[in-house]
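Text of protein_25.cif (mmCIF, C-alpha atoms) as supplied:
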```cif
data_query
loop_
_atom_site.label_atom_id
_atom_site.label_comp_id
_atom_site.auth_asym_id
_atom_site.auth_seq_id
_atom_site.Cartn_x
_atom_site.Cartn_y
_atom_site.Cartn_z
CA TYR R 6 39.44 78.85 1.78
CA PHE R 7 42.12 76.32 0.87
CA LEU R 8 44.79 76.97 -1.76
CA CYS R 9 46.91 74.16 -3.14
CA ILE R 10 49.33 74.33 -6.05
CA VAL R 11 50.43 71.15 -7.78
CA MET R 12 53.82 71.43 -9.42
CA CYS R 13 55.83 68.98 -11.49
CA SER R 14 59.48 68.07 -11.23
CA PHE R 15 59.68 66.47 -14.66
CA VAL R 16 57.47 65.99 -17.69
CA LEU R 17 54.21 64.46 -16.53
CA PHE R 18 51.80 61.97 -17.99
CA GLY R 19 48.10 62.17 -17.24
CA ILE R 20 46.61 59.95 -14.56
CA ILE R 21 42.93 59.17 -15.08
CA LEU R 22 40.96 59.70 -11.90
CA ILE R 23 38.11 57.34 -12.79
CA PRO R 24 37.99 55.74 -16.24
CA PHE R 25 34.82 55.93 -18.26
CA PRO R 26 33.93 54.53 -21.68
CA ARG R 27 34.81 56.64 -24.69
CA SER R 28 33.64 56.38 -28.26
CA LYS R 29 35.16 57.78 -31.41
CA ASN R 30 32.69 60.64 -31.26
CA ILE R 31 32.77 63.42 -28.70
CA ILE R 32 30.79 62.44 -25.62
CA GLU R 33 27.94 64.86 -25.08
CA SER R 34 28.00 66.92 -21.91
CA ASN R 35 24.65 65.53 -20.74
CA HIS R 36 26.06 62.01 -21.07
CA LEU R 37 28.99 63.01 -18.88
CA GLN R 38 26.65 64.60 -16.36
CA SER R 39 24.58 61.41 -16.25
CA TYR R 40 27.74 59.40 -15.65
CA ASP R 41 28.84 61.80 -12.91
CA ASN R 42 25.51 61.46 -11.13
CA SER R 43 25.48 57.66 -11.31
CA LEU R 44 29.05 57.53 -10.05
CA LYS R 45 28.20 59.89 -7.18
CA ASN R 46 25.18 57.79 -6.22
CA LYS R 47 27.29 54.62 -6.33
CA ILE R 48 29.88 56.11 -3.96
CA LEU R 49 27.18 57.44 -1.62
CA SER R 50 25.66 53.95 -1.45
CA TRP R 51 28.85 52.72 0.21
CA LEU R 52 28.66 55.26 3.06
CA PRO R 53 26.82 55.09 6.39
CA ALA R 54 23.60 57.11 6.51
CA HIS R 55 24.93 59.70 8.99
CA GLN R 56 27.87 60.49 6.70
CA ILE R 57 25.53 60.99 3.76
CA ASP R 58 23.53 63.48 5.86
CA ASP R 59 26.74 65.39 6.68
CA ILE R 60 27.71 65.52 3.00
CA GLU R 61 24.29 66.77 1.93
CA LYS R 62 24.39 69.50 4.59
CA SER R 63 27.87 70.63 3.52
CA GLU R 64 26.80 70.71 -0.13
CA SER R 65 24.05 73.19 0.72
CA ILE R 66 26.67 75.76 1.85
CA LEU R 67 28.54 76.94 -1.21
CA PRO R 68 30.73 79.92 -2.11
CA ASP R 69 29.18 82.97 -3.73
CA TRP R 70 29.95 81.99 -7.31
CA SER R 71 28.80 85.43 -8.53
CA GLN R 72 32.07 86.85 -7.20
CA ILE R 73 34.50 86.44 -10.09
CA PHE R 74 38.08 87.62 -10.21
CA TRP R 75 41.12 87.75 -12.48
CA THR R 76 43.60 84.89 -12.02
CA PRO R 77 47.04 84.48 -13.66
CA ILE R 78 47.01 81.81 -16.37
CA ASP R 79 50.43 82.48 -17.91
CA VAL R 80 53.57 84.54 -17.43
CA GLU R 81 55.79 86.08 -20.09
CA ILE R 82 59.08 86.09 -18.25
CA SER R 83 61.40 89.07 -17.93
CA THR R 84 62.72 91.08 -14.99
CA ASP R 85 59.22 92.63 -14.84
CA PRO R 86 57.04 89.83 -16.23
CA MET R 87 53.86 90.32 -18.21
CA ILE R 88 50.99 88.43 -16.56
CA ILE R 89 48.14 87.00 -18.63
CA LEU R 90 44.93 86.80 -16.60
CA CYS R 91 41.50 85.23 -16.97
CA LYS R 92 38.29 84.97 -14.94
CA LEU R 93 38.39 81.22 -14.35
CA ASN R 94 35.21 79.19 -13.92
CA PHE R 95 35.87 77.71 -10.48
CA LYS R 96 32.22 76.67 -10.12
CA GLU R 97 32.37 74.29 -13.07
CA TYR R 98 35.88 73.11 -12.15
CA SER R 99 34.83 72.26 -8.59
CA SER R 100 31.78 70.32 -9.78
CA SER R 101 33.80 68.03 -12.08
CA PRO R 102 37.56 68.42 -11.56
CA HIS R 103 38.33 65.10 -13.25
CA LYS R 104 37.18 66.62 -16.56
CA TYR R 105 39.79 69.39 -16.27
CA SER R 106 42.68 67.62 -14.55
CA MET R 107 45.36 69.76 -16.17
CA PHE R 108 45.44 73.55 -15.80
CA ARG R 109 45.32 73.98 -19.58
CA ASP R 110 41.99 72.11 -19.60
CA PHE R 111 40.69 74.40 -16.85
CA VAL R 112 41.75 77.45 -18.87
CA ALA R 113 40.14 76.11 -22.07
CA MET R 114 36.87 75.38 -20.27
CA SER R 115 36.86 78.95 -18.89
CA ASN R 116 37.00 80.44 -22.42
CA CYS R 117 40.00 82.64 -21.67
CA ASN R 118 39.75 84.68 -24.85
CA GLY R 119 38.59 88.13 -25.92
CA SER R 120 37.06 90.12 -23.07
CA ASN R 121 37.87 87.29 -20.65
CA ARG R 122 41.59 87.75 -21.10
CA LYS R 123 43.92 90.62 -20.24
CA ARG R 124 47.62 91.41 -19.80
CA GLU R 125 49.27 93.48 -17.08
CA LEU R 126 52.79 93.94 -15.75
CA LEU R 127 53.46 92.01 -12.56
CA SER R 128 54.74 95.15 -10.82
CA LYS R 129 51.51 97.03 -11.59
CA LEU R 130 49.31 94.19 -10.31
CA ILE R 131 51.27 93.89 -7.06
CA ASN R 132 51.15 97.68 -6.52
CA GLU R 133 47.37 97.68 -7.05
CA LEU R 134 47.03 94.80 -4.59
CA ASN R 135 49.12 96.64 -1.98
CA ILE R 136 46.87 99.70 -2.32
CA LEU R 137 43.79 97.57 -1.62
CA GLY R 138 45.36 96.56 1.71
CA ASP R 139 42.98 94.84 4.12
CA SER R 140 39.84 95.53 2.09
CA PRO R 141 37.76 92.54 0.91
CA ARG R 142 39.10 92.94 -2.63
CA GLY R 143 42.65 92.85 -1.30
CA ARG R 144 42.14 89.53 0.47
CA ILE R 145 44.85 86.97 -0.20
CA VAL R 146 44.55 83.23 0.41
CA LYS R 147 48.00 81.97 1.34
CA PRO R 148 49.01 78.54 0.01
CA THR R 149 47.99 75.71 2.30
CA GLY R 150 50.20 73.22 0.50
CA PHE R 151 52.36 72.38 -2.49
CA VAL R 152 52.36 68.94 -4.11
CA PHE R 153 55.65 68.12 -5.83
CA HIS R 154 55.56 65.08 -8.05
CA GLU R 155 56.81 63.09 -10.99
CA SER R 156 54.83 61.01 -13.46
CA ARG R 157 52.33 58.35 -12.38
CA VAL R 158 52.50 58.84 -8.63
CA GLY R 159 48.84 59.73 -8.03
CA SER R 160 49.29 63.49 -7.81
CA THR R 161 46.41 64.17 -10.21
CA LEU R 162 44.17 62.03 -8.03
CA VAL R 163 45.19 64.15 -5.02
CA ALA R 164 44.61 67.39 -6.94
CA ASN R 165 41.17 66.29 -8.17
CA SER R 166 40.15 65.20 -4.68
CA LEU R 167 41.12 68.56 -3.21
CA ALA R 168 39.52 70.49 -6.08
CA SER R 169 36.18 68.75 -5.52
CA ASP R 170 35.83 70.84 -2.34
CA PRO R 171 34.11 74.05 -3.56
CA TRP R 172 35.90 76.04 -0.84
CA SER R 173 39.34 75.14 -2.17
CA MET R 174 41.46 76.59 -4.97
CA VAL R 175 43.68 74.06 -6.72
CA PHE R 176 46.06 74.81 -9.59
CA SER R 177 47.32 71.58 -11.12
CA GLU R 178 50.49 71.97 -13.20
CA SER R 179 49.77 75.64 -13.80
CA ALA R 180 51.91 77.54 -16.28
CA PRO R 181 52.46 80.70 -14.16
CA THR R 182 54.35 79.00 -11.34
CA ALA R 183 56.38 76.78 -13.66
CA ASN R 184 57.38 79.72 -15.87
CA ALA R 185 58.32 81.83 -12.86
CA LEU R 186 60.77 79.21 -11.62
CA LEU R 187 62.08 77.59 -14.78
CA HIS R 188 62.00 79.99 -17.72
CA CYS R 189 63.73 83.18 -16.67
CA ASN R 190 67.25 82.35 -17.74
CA GLN R 191 68.51 85.89 -17.22
CA CYS R 192 67.06 86.09 -13.70
CA SER R 193 69.07 85.52 -10.55
CA LYS R 194 67.86 83.05 -7.94
CA ASP R 195 66.54 85.90 -5.77
CA ILE R 196 64.57 87.40 -8.66
CA LYS R 197 63.08 84.00 -9.52
CA ILE R 198 61.96 83.58 -5.92
CA LYS R 199 60.41 87.05 -5.87
CA ILE R 200 58.56 86.48 -9.15
CA PHE R 201 57.29 83.11 -7.92
CA ARG R 202 56.04 84.58 -4.65
CA ASP R 203 54.34 87.50 -6.39
CA VAL R 204 52.63 85.19 -8.90
CA VAL R 205 51.38 82.89 -6.12
CA THR R 206 50.12 85.97 -4.26
CA LEU R 207 48.07 86.98 -7.30
CA MET R 208 46.73 83.43 -7.66
CA GLY R 209 45.51 83.62 -4.06
CA ASN R 210 43.85 87.02 -4.43
CA SER R 211 40.17 86.01 -4.39
#
```

Could I get this structure in the form of C-alpha cells?
Amino acid sequence: YFLCIVMCSFVLFGIILIPFPRSKNIIESNHLQSYDNSLKNKILSWLPAHQIDDIEKSESILPDWSQIFWTPIDVEISTDPMIILCKLNFKEYSSSPHKYSMFRDFVAMSNCNGSNRKRELLSKLINELNILGDSPRGRIVKPTGFVFHESRVGSTLVANSLASDPWSMVFSESAPTANALLHCNQCSKDIKIKIFRDVVTLMGNS
C-alpha cells in the first residue's frame, strides 16, 4: 500500500486534470463514464504493445474492496479532539480521481451521512488501535510522502496520478490534517504535532 497526503500552504485554486466539455445541465454519470473510457483508450493507443499488456495484467490484481474501514474526515479541535469518521469509497475514487480532486468531493461522493458517519474522541480511537496491536485490523500504513504546495503548481495533477493506483491511499487537501496543524490556537507546538501524528495514524489504519 502507498499513502500520500497532499497539504496546502495557502488557499488553493483547483487545477483541472483533463478538461472536458460541460453544459449548463448536470452531465450524466454514464456520459462521464463514456468519456473516461474514450480517454483511456486514446492514452493506451500511444503506448507500445508490451506496456499495454503489463497495464492489463496489473489491472486484474485489485484490492479487496469488500474490506471497508472508518477514516477521519474532519477534526473538531481541542486538547482531546473529536474525530468525525466515514467509510470512504476508495474503489470509486481510485477509478476516477479527477472527478473528486478535492477531499470534500471525495467525502460527498462517499455519502458520509447517517449510518456512514460517526464521532469518537481521538484518545479513544488511538487506545483501541493500540489494543489491536499487530492484528490485521490494527495494521497501519505509514505515509510514503507528503506533497506541500501552493496554488497552480500541478499538485492536484500529482495527487490524481497517484490516486489512480488502486493500491494507494491519497488524501488531497484533507480537513483532518489541516485542522490538526492550523486550528488549535490553545495548543502548544508539541500538542499540535501529537494530534497531527495521531490523525495521520488513523488515516493509515486500513

To one decimal place, how far is atom CA of R:Arg202 from atom CA of R:Ser101 in Å?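 Interatomic distance here is 28.7 Å.
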
For the atom pair atom CA of R:Asn210 and atom CA of R:Asn190, what is the interatomic distance in Å to one decimal place?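 Atom CA of R:Asn190 lies 27.3 Å from atom CA of R:Asn210.
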
Using only C-alpha atoms, find the one residue out of R:Ile82, R:Leu67, R:Leu49, R:Val112 that sits nearest to R:Lys197. R:Ile82

Report, in Å with one decimal, the straight-line distance from atom CA of R:Ser140 to atom CA of R:Asn121. 24.3 Å

I'd like to know which of R:Leu90, R:Leu52, R:Ala164, R:Ile73 is closest to R:Leu130, using all atoms listed in the file. R:Leu90

Who sits within 7 Å of R:Ala180, all atoms listed in the file, same chain under 4 positions skipped, as a ChimeraX atom specification: /R:78-79,184

Please return the centre and edge lengths, in Å to one decimal, of a box with edges along x, y and z that contains all listed atoms of stretch 169-187 of chain R, widened by 4 Å on every side, as lines of an AutoDock Vina configuration file.
```
center_x = 48.1
center_y = 75.3
center_z = -8.6
size_x = 36.0
size_y = 21.1
size_z = 23.4
```

So which residues touch R:Thr76 within 12 Å, counting only C-alpha atoms, skipping near sequence neighbours fewer than 4 positions away, as an MDAnalysis selection string? chainID R and resid 80 88:95 111:112 115 117 121:125 130 174 176 179:181 204:211

Answer as a PyMOL selection string, residues within 12 Å of (64.4, 84.3, -16.8) using only C-alpha atoms: chain R and resi 80-86+183-201

Nearest to R:Pro68: which of R:Glu178, R:Asp170, R:Asp203, R:Asp110 is it, counting all atoms listed in the file?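 The shortest atom-to-atom distance to R:Pro68 comes from R:Asp170.
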
Pick the closest to R:Tyr98 from R:Pro77, R:Gly150, R:Pro171, R:Gly138: which is it, counting only C-alpha atoms?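 Nearest to R:Tyr98: R:Pro171.
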